[in-house]
>>> print(open('input_37.cif').read())   # mmCIF, C-alpha atoms
data_model
loop_
_atom_site.label_atom_id
_atom_site.label_comp_id
_atom_site.auth_asym_id
_atom_site.auth_seq_id
_atom_site.Cartn_x
_atom_site.Cartn_y
_atom_site.Cartn_z
CA MET O 1 -22.28 3.40 -2.64
CA VAL O 2 -24.85 3.92 -5.45
CA GLY O 3 -26.78 6.40 -3.28
CA TYR O 4 -23.60 8.37 -2.69
CA PHE O 5 -22.99 8.60 -6.42
CA GLN O 6 -26.50 9.85 -7.07
CA MET O 7 -26.22 12.48 -4.35
CA ALA O 8 -22.94 13.69 -5.71
CA GLY O 9 -24.66 14.25 -9.07
CA ARG O 10 -21.41 13.76 -10.94
CA ALA O 11 -20.33 11.19 -13.46
CA GLN O 12 -18.57 8.33 -11.69
CA ILE O 13 -16.15 6.53 -13.90
CA ALA O 14 -14.36 3.33 -12.92
CA THR O 15 -10.73 3.97 -13.72
CA LYS O 16 -7.51 2.04 -13.64
CA SER O 17 -4.37 4.05 -13.32
CA SER O 18 -0.78 3.53 -12.34
CA ALA O 19 0.68 5.37 -9.40
CA LEU O 20 3.71 5.51 -7.17
CA ILE O 21 4.43 4.60 -3.56
CA ALA O 22 5.92 7.47 -1.56
CA MET O 23 8.03 7.03 1.58
CA ILE O 24 8.88 9.20 4.57
CA ALA O 25 11.10 7.03 6.73
CA ASP O 26 14.58 6.39 8.10
CA GLU O 27 17.49 5.62 5.82
CA ASP O 28 17.42 1.84 6.14
CA THR O 29 13.70 1.57 5.45
CA VAL O 30 13.89 3.89 2.45
CA THR O 31 17.00 2.15 1.09
CA GLY O 32 15.37 -1.24 1.47
CA LEU O 33 12.18 -0.16 -0.27
CA LEU O 34 14.20 1.48 -3.04
CA LEU O 35 15.91 -1.89 -3.51
CA ALA O 36 12.43 -3.24 -4.25
CA GLY O 37 12.21 -0.80 -7.17
CA VAL O 38 9.78 1.86 -5.94
CA GLY O 39 12.16 4.80 -6.34
CA ASN O 40 11.15 7.45 -8.86
CA VAL O 41 13.04 10.61 -9.80
CA ASP O 42 11.48 12.99 -12.31
CA LEU O 43 13.19 15.42 -14.66
CA ARG O 44 13.15 18.12 -11.99
CA ARG O 45 14.98 15.70 -9.64
CA LYS O 46 11.88 15.45 -7.50
CA THR O 47 11.83 12.15 -5.65
CA ASN O 48 8.99 10.12 -4.16
CA TYR O 49 10.81 9.67 -0.85
CA LEU O 50 12.21 11.62 2.07
CA ILE O 51 14.92 10.15 4.27
CA VAL O 52 14.43 11.30 7.85
CA ASP O 53 17.47 11.56 10.09
CA SER O 54 18.49 13.56 13.14
CA LYS O 55 19.02 16.69 11.03
CA THR O 56 15.62 16.58 9.31
CA THR O 57 13.37 19.38 10.55
CA VAL O 58 9.69 18.98 11.36
CA LYS O 59 8.91 21.56 8.68
CA ALA O 60 10.70 19.46 6.06
CA ILE O 61 8.64 16.43 7.10
CA GLU O 62 5.42 18.47 7.00
CA ASP O 63 6.28 19.83 3.55
CA ALA O 64 7.05 16.36 2.23
CA PHE O 65 3.79 14.97 3.68
CA LYS O 66 1.76 17.80 2.15
CA ASP O 67 3.54 17.36 -1.17
CA PHE O 68 3.05 13.58 -1.33
CA THR O 69 -0.61 13.77 -0.31
CA THR O 70 -1.42 16.33 -2.99
CA ARG O 71 0.48 14.76 -5.87
CA GLU O 72 -1.79 12.96 -8.33
CA ASP O 73 0.77 10.31 -9.21
CA ILE O 74 1.07 8.92 -5.64
CA ALA O 75 -1.39 6.31 -4.34
CA ILE O 76 0.20 5.15 -1.08
CA VAL O 77 2.35 7.10 1.37
CA LEU O 78 4.41 4.98 3.75
CA ILE O 79 5.49 6.88 6.83
CA SER O 80 7.40 5.53 9.81
CA GLN O 81 5.15 5.80 12.83
CA TYR O 82 7.72 7.69 14.90
CA VAL O 83 7.93 10.27 12.05
CA ALA O 84 4.13 10.42 11.86
CA ASN O 85 4.11 11.20 15.60
CA MET O 86 6.19 14.33 14.87
CA ILE O 87 3.43 15.61 12.56
CA ARG O 88 0.54 13.83 14.28
CA PHE O 89 -1.91 16.71 13.88
CA LEU O 90 -1.32 16.81 10.14
CA VAL O 91 -1.58 13.03 9.73
CA ASP O 92 -4.74 12.74 11.84
CA SER O 93 -6.47 15.57 10.00
CA TYR O 94 -5.87 13.85 6.64
CA ASN O 95 -9.00 11.97 5.60
CA LYS O 96 -8.90 11.33 1.84
CA PRO O 97 -9.09 7.76 0.51
CA VAL O 98 -6.18 8.33 -1.88
CA PRO O 99 -3.31 8.44 -1.31
CA ALA O 100 -3.62 5.88 1.49
CA ILE O 101 -1.41 6.69 4.49
CA LEU O 102 0.19 3.66 6.12
CA GLU O 103 2.14 4.05 9.34
CA ILE O 104 4.92 1.49 9.45
CA PRO O 105 7.32 0.37 12.16
CA SER O 106 10.96 1.34 12.19
CA LYS O 107 14.00 -0.40 13.66
CA ASP O 108 13.83 1.41 16.99
CA HIS O 109 10.11 2.09 17.17
CA PRO O 110 7.70 -0.84 16.86
CA TYR O 111 4.23 -0.34 15.41
CA ASP O 112 1.69 0.83 18.00
CA PRO O 113 -1.96 0.45 16.91
CA ALA O 114 -2.99 2.99 19.56
CA HIS O 115 -1.24 5.76 17.60
CA ASP O 116 -2.33 4.68 14.10
CA SER O 117 -4.38 7.54 12.62
CA VAL O 118 -6.88 5.35 10.76
CA LEU O 119 -7.51 3.19 13.84
CA SER O 120 -7.88 6.34 15.98
CA ARG O 121 -10.53 7.51 13.56
CA VAL O 122 -12.58 4.32 13.72
CA LYS O 123 -12.11 3.50 17.41
CA TYR O 124 -14.84 6.05 18.16
CA LEU O 125 -17.29 3.26 17.35
CA PHE O 126 -15.86 1.22 20.23
CA SER O 127 -15.79 4.04 22.76
CA ALA O 128 -18.21 4.20 25.73
CA GLU O 129 -19.35 7.62 24.52
CA SER O 130 -20.66 6.26 21.22
CA VAL O 131 -22.39 3.35 22.97
CA ALA O 132 -24.01 5.69 25.48
CA SER O 133 -25.22 8.11 22.81
CA GLY O 134 -26.76 5.20 20.91
CA ARG O 135 -28.72 4.15 23.99
CA ARG O 136 -30.19 7.58 24.70
CA MET V 1 -46.00 -9.53 11.14
CA ALA V 2 -44.61 -7.96 7.98
CA GLU V 3 -43.18 -5.08 10.00
CA GLY V 4 -41.53 -7.54 12.39
CA ALA V 5 -39.98 -9.45 9.48
CA GLY V 6 -38.79 -6.18 7.93
CA GLY V 7 -37.34 -5.08 11.26
CA ALA V 8 -35.54 -8.39 11.66
CA ALA V 9 -34.12 -8.10 8.14
CA ALA V 10 -32.95 -4.53 8.83
CA ASN V 11 -31.29 -5.64 12.08
CA GLY V 12 -29.64 -8.54 10.24
CA GLY V 13 -28.36 -6.13 7.60
CA SER V 14 -26.98 -3.73 10.18
CA ASP V 15 -25.34 -6.58 12.11
CA GLU V 16 -23.69 -7.70 8.89
CA LYS V 17 -22.23 -4.23 8.33
CA VAL V 18 -20.88 -4.11 11.87
CA LEU V 19 -19.38 -7.58 11.44
CA ASP V 20 -17.78 -6.54 8.14
CA PHE V 21 -16.28 -3.54 9.88
CA LEU V 22 -14.96 -5.60 12.80
CA ASP V 23 -13.53 -8.19 10.41
CA SER V 24 -11.72 -5.52 8.43
CA VAL V 25 -10.27 -3.97 11.62
CA ASP V 26 -9.06 -7.40 12.71
CA SER V 27 -7.54 -8.08 9.27
CA TYR V 28 -5.80 -4.70 9.29
CA LEU V 29 -4.27 -5.30 12.71
CA THR V 30 -3.18 -8.83 11.77
CA THR V 31 -1.61 -7.62 8.52
CA MET V 32 0.27 -4.79 10.23
CA GLU V 33 1.54 -7.23 12.88
CA SER V 34 2.80 -9.57 10.15
CA LEU V 35 4.78 -6.72 8.59
CA ALA V 36 7.22 -6.26 11.47
CA PRO V 37 9.15 -9.57 11.18
CA ILE V 38 9.48 -9.14 7.41
CA LEU V 39 10.88 -5.63 7.76
CA ARG V 40 13.12 -6.80 10.58
CA GLN V 41 14.60 -9.47 8.32
CA GLY V 42 15.15 -6.85 5.62
CA TRP V 43 16.92 -4.48 8.04
CA PHE V 44 19.08 -7.32 9.29
CA ASP V 45 20.09 -8.36 5.77
CA LEU V 46 20.79 -4.74 4.89
CA ALA V 47 23.00 -4.39 7.97
CA SER V 48 24.84 -7.60 7.00
CA ALA V 49 25.35 -6.28 3.46
CA ARG V 50 26.63 -3.00 4.88
CA HIS V 51 29.06 -4.92 7.08
CA SER V 52 30.51 -6.85 4.12
CA MET V 53 30.38 -4.13 1.48
CA GLY V 54 31.22 -1.11 3.58
CA VAL V 55 29.13 1.61 5.17
CA PHE V 56 29.50 4.11 2.35
CA ARG V 57 28.54 1.67 -0.40
CA VAL V 58 25.20 0.77 1.20
CA SER V 59 23.87 4.16 2.19
CA SER V 60 21.69 6.93 0.88
CA ALA V 61 24.81 8.49 -0.69
CA SER V 62 24.74 5.71 -3.33
CA LEU V 63 21.13 6.34 -4.34
CA ASP V 64 20.52 7.17 -7.97
CA LEU V 65 19.39 10.77 -8.29
CA LYS V 66 19.32 10.77 -12.09
CA ASP V 67 15.80 10.84 -13.49
CA HIS V 68 14.33 7.36 -13.68
CA SER V 69 10.89 5.76 -13.37
CA ALA V 70 9.89 3.36 -10.66
CA SER V 71 10.11 -0.30 -11.72
CA THR V 72 7.61 -1.25 -9.05
CA TYR V 73 4.43 0.75 -8.93
CA LEU V 74 0.75 0.43 -8.22
CA GLN V 75 -2.25 -0.20 -10.39
CA MET V 76 -5.17 1.53 -8.81
CA VAL V 77 -8.82 0.81 -9.55
CA GLY V 78 -11.38 3.20 -8.22
CA HIS V 79 -14.29 5.39 -9.11
CA GLU V 80 -13.18 8.81 -10.19
CA SER V 81 -15.27 11.93 -9.79
CA ASP V 82 -13.75 14.98 -11.42
CA ASP V 83 -10.20 14.75 -10.16
CA SER V 84 -10.61 12.77 -6.96
CA PHE V 85 -11.21 9.17 -6.08
CA VAL V 86 -14.38 8.30 -4.24
CA GLY V 87 -15.75 5.03 -2.95
CA GLN V 88 -13.36 2.21 -2.23
CA PRO V 89 -10.17 2.33 -4.31
CA SER V 90 -8.19 -0.90 -4.62
CA PHE V 91 -4.49 -1.24 -5.20
CA SER V 92 -2.47 -3.95 -6.89
CA LEU V 93 1.29 -4.11 -6.98
CA CYS V 94 3.03 -4.18 -10.34
CA LYS V 95 6.59 -5.40 -9.73
CA TRP V 96 9.60 -4.99 -11.94
CA ALA V 97 8.03 -3.48 -15.03
CA SER V 98 10.83 -2.74 -17.46
CA ALA V 99 11.25 0.75 -18.93
CA ASP V 100 10.87 -0.70 -22.45
CA ASN V 101 7.82 -2.74 -21.69
CA LYS V 102 5.54 -1.12 -19.15
CA SER V 103 3.49 -4.26 -18.57
CA CYS V 104 4.12 -5.90 -15.21
CA CYS V 105 6.87 -8.45 -15.39
CA SER V 106 5.75 -10.15 -12.22
CA GLU V 107 2.12 -10.68 -13.16
CA GLU V 108 2.34 -14.41 -13.57
CA GLU V 109 -0.83 -15.84 -14.96
CA ILE V 110 -0.69 -19.55 -15.58
CA PRO V 111 -1.33 -19.93 -19.30
CA ASP V 112 -3.97 -22.41 -20.38
CA SER V 113 -1.32 -24.54 -22.04
CA GLN V 114 0.00 -25.47 -18.62
CA LEU V 115 -3.30 -26.91 -17.51
CA ARG V 116 -3.48 -30.66 -17.85
CA HIS V 117 -5.67 -31.92 -20.67
CA ARG V 118 -6.96 -35.46 -20.83
CA GLY V 119 -6.55 -37.51 -24.01
CA THR V 120 -3.46 -38.49 -25.99
CA SER V 121 -4.58 -36.94 -29.29
CA ARG V 122 -3.81 -33.46 -28.02
CA LEU V 123 -0.53 -34.50 -26.44
CA SER V 124 1.79 -33.13 -29.14
CA GLU V 125 -0.23 -29.90 -29.38
CA ASN V 126 0.02 -29.51 -25.64
CA GLN V 127 3.77 -30.17 -25.68
CA GLU V 128 4.23 -27.35 -28.20
CA GLN V 129 1.98 -25.04 -26.20
CA ASN V 130 3.81 -26.00 -23.02
CA SER V 131 7.17 -25.10 -24.53
CA ASN V 132 5.75 -21.74 -25.73
CA GLY V 133 4.38 -21.15 -22.23
CA ASP V 134 7.74 -22.09 -20.70
CA ASP V 135 9.50 -19.68 -23.08
CA SER V 136 7.21 -16.80 -22.13
CA LEU V 137 7.71 -17.54 -18.43
CA LYS V 138 11.48 -17.67 -18.96
CA THR V 139 11.31 -14.29 -20.73
CA VAL V 140 9.34 -12.81 -17.81
CA ASP V 141 11.83 -14.35 -15.39
CA ASP V 142 14.77 -12.89 -17.34
CA LEU V 143 13.18 -9.44 -17.39
CA VAL V 144 12.55 -9.56 -13.64
CA LYS V 145 16.17 -10.62 -13.02
CA LYS V 146 17.38 -7.82 -15.28
CA GLU V 147 15.34 -5.20 -13.45
CA ARG V 148 16.45 -6.52 -10.05
CA SER V 149 20.12 -6.42 -11.13
CA LYS V 150 19.68 -2.91 -12.48
CA THR V 151 18.43 -1.74 -9.09
CA LEU V 152 21.25 -3.52 -7.26
CA SER V 153 23.87 -2.05 -9.62
CA VAL V 154 23.34 1.34 -7.93
CA PHE V 155 25.40 -0.10 -5.07
CA GLY V 156 28.20 -1.35 -7.31
CA THR V 157 28.98 -4.09 -9.80
CA LEU V 158 29.61 -6.79 -7.23
CA VAL V 159 27.13 -6.84 -4.38
CA SER V 160 26.84 -9.01 -1.32
CA PRO V 161 24.32 -11.89 -1.46
CA LYS V 162 22.84 -10.33 1.68
CA LEU V 163 21.85 -7.29 -0.35
CA ARG V 164 19.94 -9.56 -2.75
CA THR V 165 18.25 -11.22 0.23
CA ALA V 166 17.36 -7.79 1.62
CA GLN V 167 15.84 -6.92 -1.75
CA LEU V 168 13.59 -9.99 -1.61
CA SER V 169 12.57 -9.22 2.00
CA PHE V 170 11.55 -5.69 1.11
CA GLU V 171 9.67 -6.94 -1.96
CA THR V 172 7.66 -9.20 0.36
CA ALA V 173 7.13 -6.25 2.72
CA LEU V 174 5.75 -4.24 -0.19
CA GLU V 175 3.22 -6.96 -0.98
CA VAL V 176 2.05 -6.96 2.64
CA LEU V 177 1.82 -3.16 2.61
CA VAL V 178 -0.34 -3.13 -0.51
CA GLU V 179 -2.57 -5.74 1.11
CA ALA V 180 -2.79 -3.49 4.20
CA ALA V 181 -3.73 -0.54 1.99
CA ASN V 182 -6.60 -2.54 0.47
CA ILE V 183 -7.81 -3.66 3.89
CA ARG V 184 -7.58 -0.05 5.12
CA SER V 185 -9.71 1.02 2.18
CA SER V 186 -12.41 -1.59 2.94
CA MET V 187 -12.24 -0.76 6.67
CA LEU V 188 -12.92 2.93 6.01
CA SER V 189 -15.73 2.02 3.65
CA ALA V 190 -17.32 -0.31 6.25
CA TYR V 191 -16.82 2.36 8.93
CA SER V 192 -18.64 5.01 6.91
CA GLN V 193 -21.53 2.59 6.30
CA VAL V 194 -21.84 1.77 10.02
CA GLN V 195 -21.60 5.45 10.94
CA LYS V 196 -24.33 6.36 8.45
CA GLN V 197 -26.50 3.59 9.82
CA MET V 198 -26.04 4.86 13.38
CA GLU V 199 -27.02 8.35 12.31
CA ASP V 200 -30.10 7.03 10.50
CA THR V 201 -31.07 5.05 13.62
CA ARG V 202 -30.70 8.14 15.83
CA GLU V 203 -32.81 10.24 13.46
CA GLY V 204 -35.43 7.50 13.38
CA GLU V 205 -35.60 7.39 17.20
CA ILE V 206 -35.85 11.15 17.54
CA GLY V 207 -38.60 11.19 14.90
CA PRO V 208 -39.80 14.09 12.68
CA ILE V 209 -39.80 17.53 14.22
CA PRO V 210 -43.42 18.81 14.57
#
>>> encode(input="input_37.cif", output="structure tokens")
Amino acid sequence: MVGYFQMAGRAQIATKSSALIAMIADEDTVTGLLLAGVGNVDLRRKTNYLIVDSKTTVKAIEDAFKDFTTREDIAIVLISQYVANMIRFLVDSYNKPVPAILEIPSKDHPYDPAHDSVLSRVKYLFSAESVASGRR
Amino acid sequence: MAEGAGGAAANGGSDEKVLDFLDSVDSYLTTMESLAPILRQGWFDLASARHSMGVFRVSSASLDLKDHSASTYLQMVGHESDDSFVGQPSFSLCKWASADNKSCCSEEEIPDSQLRHRGTSRLSENQEQNSNGDDSLKTVDDLVKKERSKTLSVFGTLVSPKLRTAQLSFETALEVLVEAANIRSSMLSAYSQVQKQMEDTREGEIGPIP
């Protein structure tokens, strides 16, 4: 960690900041989480959530994902795994530490670790290919 | 002899990193598995509330689209470089902060006055401190109740008890999700350390290019 900071050659400042939780999920999940007080609407009526239903287009989901992952005031993005599967390429190519992307189950689609983007990224270490390359 | 000891220490260090990584993967999977029953309970309570209050009252149509701040948000600690976070950020949940007082209502630290002190001479002092501590906890409790009611009032003045239960279930789900986010953060950090170590090992085996 210290070596990384030195290589970067930039000032590293420990900071504490407040941030929001964003949601891209079905109506019940979003409603429930809003009950827990995470809903935020700014003066431009921009929300920190997108309710996905049968009429929601893939482009709308992609735009919301891109928006939430580039906003500075969002630290965690919760996305139903079945919605993440619709934009899998975009989710898997995301690799920043913040905001953290968490794929969550929905009522009709249980959580599947095999599709989780962060587990897909790290499972390389368990693959036969990585073991074989280490032995060469 | 010294080289052997150094080699053994290096191997021990690398094993520790791999173990840290495996532990974090296991914790992540366990935490995500524990989320499902909590969410399921929340969905069930929400469905029950919808059944008693009516479909249109408990739906996205009732959501407040007037500008308002989130009562529940995150406190994030990390190392910032320019405008991005590097290293291992950590998240803590700040629940039910009121608009007037942005400090977390649900951060319940046990005040020193509530710790038991031996000796009768300090008894009356402690009793006074205890009552002050109780008052501050009651104030926090009242603020939390006020914020919870404010959120529920979006669905009407009188709400089903099932909606309140759903609120508590989703609050618990949020706590688990924040825990999962922290474990994810440490997992990615451990992963990058193991990956770097593997690359260093490969470079060491190949040796310098003549």
>>> closest_atom_pairs(input="input_37.cif", of="chain O", to="chain V", cutoff="6 Å", atoms="only C-alpha atoms", output="Markdown table")
| residue | atom | partner | partner_atom | distance |
| --- | --- | --- | --- | --- |
| O:Gln12 | CA | V:Ser81 | CA | 5.2 |
| O:Ile13 | CA | V:His79 | CA | 5.3 |
| O:Ala14 | CA | V:His79 | CA | 4.3 |
| O:Thr15 | CA | V:Val77 | CA | 5.6 |
| O:Lys16 | CA | V:Val77 | CA | 4.5 |
| O:Ser17 | CA | V:Met76 | CA | 5.2 |
| O:Ser18 | CA | V:Gln75 | CA | 4.5 |
| O:Ala19 | CA | V:Leu74 | CA | 5.1 |
| O:Leu20 | CA | V:Tyr73 | CA | 5.1 |
| O:Gly32 | CA | V:Phe170 | CA | 5.9 |
| O:Leu33 | CA | V:Phe170 | CA | 5.7 |
| O:Leu35 | CA | V:Gln167 | CA | 5.3 |
| O:Ala36 | CA | V:Glu171 | CA | 5.2 |
| O:Gly37 | CA | V:Thr72 | CA | 5.0 |
| O:Val38 | CA | V:Thr72 | CA | 4.9 |
| O:Gly39 | CA | V:Ala70 | CA | 5.1 |
| O:Asn40 | CA | V:Ala70 | CA | 4.6 |
| O:Val41 | CA | V:Asp67 | CA | 4.6 |
| O:Asp42 | CA | V:Asp67 | CA | 5.0 |
| O:Leu43 | CA | V:Asp67 | CA | 5.4 |
>>> atom_distance(input="input_37.cif", atom1="atom CA of V:Ile38", atom2="atom CA of O:Tyr111")
13.0 Å
>>> axis_aligned_box(input="input_37.cif", around="stretch 89-101 of chain O", padding_each_side="6 Å", output="JSON")
{"center_x": -5.2, "center_y": 11.3, "center_z": 6.0, "size_x": 19.8, "size_y": 22.9, "size_z": 27.8}
>>> resolve_selection(input="input_37.cif", expression="the PyMOL selection byres ((chain O and resi 61) around 8)", output="VMD selection string")
chain O and resid 24 50 52 56 to 60 62 to 65 83 87
>>> resolve_selection(input="input_37.cif", expression="the PyMOL selection byres ((chain O and resi 80) around 12)", output="MDAnalysis selection string")
(chainID O and resid 22:30 49:53 61 65 77:79 81:88 91 101:112 115:116) or (chainID V and resid 36 39)
>>> atom_distance(input="input_37.cif", atom1="atom CA of O:Ala75", atom2="atom CA of O:Ala100")
6.3 Å
>>> closest_residue(input="input_37.cif", among="O:Lys66, O:Leu34, O:Ile74, O:Pro113", to="O:Tyr94", atoms="all atoms listed in the file")
O:Lys66
>>> residues_near_point(input="input_37.cif", point="(-4.7, 9.2, -1.2)", cutoff="7 Å", atoms="all atoms listed in the file", output="PyMOL selection string")
chain O and resi 69+75-76+96-100
>>> write_last_selection(input="input_37.cif", atoms="C-alpha atoms", output="CSV table (one decimal), in the frame of the given file")
chain,number,residue,atom,x,y,z
O,69,THR,CA,-0.6,13.8,-0.3
O,75,ALA,CA,-1.4,6.3,-4.3
O,76,ILE,CA,0.2,5.2,-1.1
O,96,LYS,CA,-8.9,11.3,1.8
O,97,PRO,CA,-9.1,7.8,0.5
O,98,VAL,CA,-6.2,8.3,-1.9
O,99,PRO,CA,-3.3,8.4,-1.3
O,100,ALA,CA,-3.6,5.9,1.5
>>> atom_distance(input="input_37.cif", atom1="atom CA of V:Gly204", atom2="atom CA of V:Ser24")
27.5 Å
>>> decode(input="input_37.cif", residues="stretch 26-46 of chain V", atoms="N, CA and C atoms", output="CSV table (one decimal), in the first residue's frame")
chain,number,residue,atom,x,y,z
V,26,ASP,N,-14.5,-16.1,1.3
V,26,ASP,CA,-15.4,-16.9,2.1
V,26,ASP,C,-16.4,-16.0,2.9
V,27,SER,N,-15.8,-14.9,3.5
V,27,SER,CA,-16.7,-13.9,4.2
V,27,SER,C,-17.7,-13.3,3.3
V,28,TYR,N,-17.2,-12.9,2.1
V,28,TYR,CA,-18.1,-12.3,1.1
V,28,TYR,C,-19.3,-13.2,0.7
V,29,LEU,N,-18.9,-14.4,0.4
V,29,LEU,CA,-20.0,-15.4,0.0
V,29,LEU,C,-21.0,-15.6,1.2
V,30,THR,N,-20.4,-15.8,2.4
V,30,THR,CA,-21.3,-16.0,3.5
V,30,THR,C,-22.2,-14.8,3.8
V,31,THR,N,-21.7,-13.6,3.6
V,31,THR,CA,-22.5,-12.4,3.9
V,31,THR,C,-23.6,-12.2,2.8
V,32,MET,N,-23.2,-12.5,1.6
V,32,MET,CA,-24.2,-12.4,0.5
V,32,MET,C,-25.3,-13.5,0.7
V,33,GLU,N,-24.9,-14.7,1.2
V,33,GLU,CA,-25.9,-15.7,1.4
V,33,GLU,C,-26.9,-15.3,2.5
V,34,SER,N,-26.3,-14.6,3.5
V,34,SER,CA,-27.2,-14.2,4.7
V,34,SER,C,-28.1,-13.1,4.3
V,35,LEU,N,-27.9,-12.4,3.2
V,35,LEU,CA,-28.7,-11.3,2.8
V,35,LEU,C,-30.1,-11.8,2.3
V,36,ALA,N,-30.1,-12.9,1.6
V,36,ALA,CA,-31.4,-13.4,0.9
V,36,ALA,C,-32.5,-13.5,1.9
V,37,PRO,N,-32.4,-14.2,3.0
V,37,PRO,CA,-33.5,-14.3,3.9
V,37,PRO,C,-34.0,-13.0,4.5
V,38,ILE,N,-33.1,-12.1,4.7
V,38,ILE,CA,-33.5,-10.8,5.2
V,38,ILE,C,-34.3,-10.0,4.2
V,39,LEU,N,-33.9,-10.0,3.0
V,39,LEU,CA,-34.6,-9.4,1.9
V,39,LEU,C,-36.0,-10.0,1.7
V,40,ARG,N,-35.9,-11.4,1.8
V,40,ARG,CA,-37.2,-12.1,1.6
V,40,ARG,C,-38.2,-11.7,2.6
V,41,GLN,N,-37.8,-11.6,3.8
V,41,GLN,CA,-38.7,-11.1,4.9
V,41,GLN,C,-39.2,-9.7,4.6
V,42,GLY,N,-38.4,-8.9,4.1
V,42,GLY,CA,-38.8,-7.5,3.8
V,42,GLY,C,-39.8,-7.5,2.6
V,43,TRP,N,-39.6,-8.3,1.6
V,43,TRP,CA,-40.5,-8.4,0.5
V,43,TRP,C,-41.9,-8.9,0.9
V,44,PHE,N,-41.8,-9.9,1.8
V,44,PHE,CA,-43.0,-10.5,2.3
V,44,PHE,C,-43.8,-9.5,3.1
V,45,ASP,N,-43.1,-8.7,4.0
V,45,ASP,CA,-43.8,-7.7,4.8
V,45,ASP,C,-44.4,-6.6,3.9
V,46,LEU,N,-43.7,-6.3,2.9
V,46,LEU,CA,-44.1,-5.3,2.0
V,46,LEU,C,-45.4,-5.7,1.2
